[in-house]
Amino acid sequence: MKNKLRASFAQALDVDIEAIKDDLEYRGIEEWDSITHMFLIAQIEDDFEVSISPDEVIDMSSFLKALEIIERLKNE
């Protein structure tokens with residue numbers, strides 16, 4: 001799941017997959033801003049077939065937090 005999420009991040013942020021590290025945080029790279037955050041949410045929802053709530057959108061402040069949210073949603 002982590003590699004698939006890494007690919008989602010790379011596609012949504014339009015960066016090489018190598019730029020997506022476990023410690024990546026919101027605004028940790030120039031490409032992850034408020035606009036691309038919404039692209040990222042849409043990409044994750046499509047790739048993982050989940051629906052991310054507004055609270056989760058706000059809470060998704062890092063790669064690892066995104067992974068935690070996706071794992072929880074996939075186990076519901």
# chains A, B, ... in the order shown; residues from 1 in each chain; ligands from 1
>>> residues_around(residues="stretch 27-41 of chain A", least_positions_apart="4", cutoff="8 Å", atoms="only C-alpha atoms", output="NGL selection string")
:A and (8-9 or 12-15 or 45 or 52 or 57)
>>> residues_around(residues="stretch 4-7 of chain A", least_positions_apart="2", cutoff="10 Å", atoms="only C-alpha atoms", output="PyMOL selection string")
chain A and resi 1-2+9-13+15-22+43-44+47-48+63-64+66-67+70
>>> closest_residue(among="A:Ser62, A:Ser51, A:Glu76, A:Glu71", to="A:Glu25", atoms="only C-alpha atoms")
A:Ser62
>>> atom_distance(atom1="atom CA of A:Ile69", atom2="atom CA of A:Ser53")
10.2 Å
>>> atom_distance(atom1="atom CA of A:Asn3", atom2="atom CA of A:Ile58")
22.5 Å
>>> select_by_dssp(residues="stretch 4-76 of chain A", states="alpha helix (DSSP H)", output="MDAnalysis selection string")
chainID A and resid 4:13 34:48 54:59 63:74
>>> write_last_selection(atoms="N, CA and C atoms", output="short mmCIF file (atom, residue, chain, number, x, y, z; two decimals), in the first residue's frame")
data_model
loop_
_atom_site.label_atom_id
_atom_site.label_comp_id
_atom_site.auth_asym_id
_atom_site.auth_seq_id
_atom_site.Cartn_x
_atom_site.Cartn_y
_atom_site.Cartn_z
N LYS A 4 2.03 2.14 -3.53
CA LYS A 4 0.91 2.66 -4.33
C LYS A 4 0.61 4.10 -3.93
N LEU A 5 0.64 4.38 -2.63
CA LEU A 5 0.40 5.74 -2.16
C LEU A 5 1.52 6.66 -2.61
N ARG A 6 2.74 6.18 -2.57
CA ARG A 6 3.88 6.97 -3.05
C ARG A 6 3.66 7.36 -4.52
N ALA A 7 3.17 6.41 -5.31
CA ALA A 7 2.90 6.68 -6.73
C ALA A 7 1.77 7.71 -6.88
N SER A 8 0.76 7.62 -6.03
CA SER A 8 -0.34 8.60 -6.07
C SER A 8 0.18 10.00 -5.78
N PHE A 9 1.02 10.11 -4.76
CA PHE A 9 1.61 11.40 -4.42
C PHE A 9 2.42 11.94 -5.59
N ALA A 10 3.27 11.10 -6.16
CA ALA A 10 4.14 11.54 -7.25
C ALA A 10 3.32 12.02 -8.44
N GLN A 11 2.26 11.30 -8.77
CA GLN A 11 1.43 11.70 -9.90
C GLN A 11 0.70 13.01 -9.61
N ALA A 12 0.08 13.11 -8.44
CA ALA A 12 -0.69 14.32 -8.12
C ALA A 12 0.19 15.55 -8.00
N LEU A 13 1.38 15.38 -7.45
CA LEU A 13 2.28 16.52 -7.26
C LEU A 13 3.19 16.75 -8.45
N SER A 34 -1.69 24.28 -1.32
CA SER A 34 -3.12 24.09 -1.09
C SER A 34 -3.87 23.62 -2.34
N ILE A 35 -3.45 24.05 -3.49
CA ILE A 35 -4.10 23.63 -4.74
C ILE A 35 -3.77 22.18 -5.04
N THR A 36 -2.50 21.83 -5.02
CA THR A 36 -2.12 20.44 -5.34
C THR A 36 -2.59 19.48 -4.25
N HIS A 37 -2.85 20.00 -3.05
CA HIS A 37 -3.41 19.14 -1.99
C HIS A 37 -4.75 18.57 -2.44
N MET A 38 -5.55 19.38 -3.10
CA MET A 38 -6.86 18.92 -3.58
C MET A 38 -6.69 17.92 -4.73
N PHE A 39 -5.71 18.14 -5.59
CA PHE A 39 -5.40 17.15 -6.64
C PHE A 39 -4.98 15.83 -6.00
N LEU A 40 -4.18 15.93 -4.95
CA LEU A 40 -3.71 14.75 -4.24
C LEU A 40 -4.88 13.97 -3.64
N ILE A 41 -5.80 14.66 -3.01
CA ILE A 41 -6.97 14.01 -2.43
C ILE A 41 -7.75 13.27 -3.51
N ALA A 42 -7.99 13.94 -4.62
CA ALA A 42 -8.73 13.30 -5.73
C ALA A 42 -7.98 12.09 -6.26
N GLN A 43 -6.66 12.20 -6.39
CA GLN A 43 -5.85 11.09 -6.89
C GLN A 43 -5.94 9.89 -5.94
N ILE A 44 -5.83 10.15 -4.65
CA ILE A 44 -5.90 9.07 -3.66
C ILE A 44 -7.28 8.43 -3.67
N GLU A 45 -8.32 9.24 -3.74
CA GLU A 45 -9.68 8.68 -3.77
C GLU A 45 -9.85 7.78 -4.99
N ASP A 46 -9.35 8.20 -6.13
CA ASP A 46 -9.45 7.38 -7.35
C ASP A 46 -8.62 6.11 -7.24
N ASP A 47 -7.38 6.25 -6.82
CA ASP A 47 -6.47 5.11 -6.79
C ASP A 47 -6.86 4.05 -5.76
N PHE A 48 -7.41 4.50 -4.63
CA PHE A 48 -7.73 3.57 -3.55
C PHE A 48 -9.23 3.29 -3.40
N PRO A 54 -14.01 15.77 4.75
CA PRO A 54 -13.36 17.08 4.90
C PRO A 54 -12.39 17.14 6.08
N ASP A 55 -12.74 16.51 7.20
CA ASP A 55 -11.83 16.49 8.36
C ASP A 55 -10.54 15.75 8.02
N GLU A 56 -10.65 14.67 7.27
CA GLU A 56 -9.47 13.90 6.88
C GLU A 56 -8.63 14.68 5.87
N VAL A 57 -9.27 15.45 5.01
CA VAL A 57 -8.54 16.30 4.05
C VAL A 57 -7.65 17.28 4.82
N ILE A 58 -8.22 17.88 5.84
CA ILE A 58 -7.46 18.84 6.66
C ILE A 58 -6.37 18.13 7.46
N ASP A 59 -6.68 16.95 7.95
CA ASP A 59 -5.74 16.20 8.80
C ASP A 59 -4.58 15.59 8.00
N PHE A 63 2.89 12.45 4.43
CA PHE A 63 2.77 11.18 3.73
C PHE A 63 2.32 10.08 4.70
N LEU A 64 2.93 10.03 5.87
CA LEU A 64 2.58 8.98 6.83
C LEU A 64 1.16 9.15 7.36
N LYS A 65 0.70 10.39 7.53
CA LYS A 65 -0.68 10.62 7.96
C LYS A 65 -1.64 10.17 6.86
N ALA A 66 -1.29 10.42 5.62
CA ALA A 66 -2.12 9.95 4.51
C ALA A 66 -2.19 8.43 4.52
N LEU A 67 -1.07 7.78 4.75
CA LEU A 67 -1.04 6.32 4.81
C LEU A 67 -1.94 5.82 5.93
N GLU A 68 -1.87 6.44 7.08
CA GLU A 68 -2.70 6.07 8.22
C GLU A 68 -4.19 6.20 7.88
N ILE A 69 -4.56 7.30 7.24
CA ILE A 69 -5.96 7.54 6.87
C ILE A 69 -6.42 6.49 5.86
N ILE A 70 -5.63 6.22 4.85
CA ILE A 70 -5.99 5.25 3.82
C ILE A 70 -6.14 3.85 4.43
N GLU A 71 -5.21 3.47 5.28
CA GLU A 71 -5.29 2.15 5.92
C GLU A 71 -6.57 2.04 6.75
N ARG A 72 -6.92 3.10 7.46
CA ARG A 72 -8.15 3.08 8.26
C ARG A 72 -9.38 2.98 7.37
N LEU A 73 -9.41 3.74 6.29
CA LEU A 73 -10.57 3.73 5.38
C LEU A 73 -10.71 2.37 4.68
N LYS A 74 -9.60 1.78 4.33
CA LYS A 74 -9.65 0.49 3.63
C LYS A 74 -10.09 -0.65 4.58
#
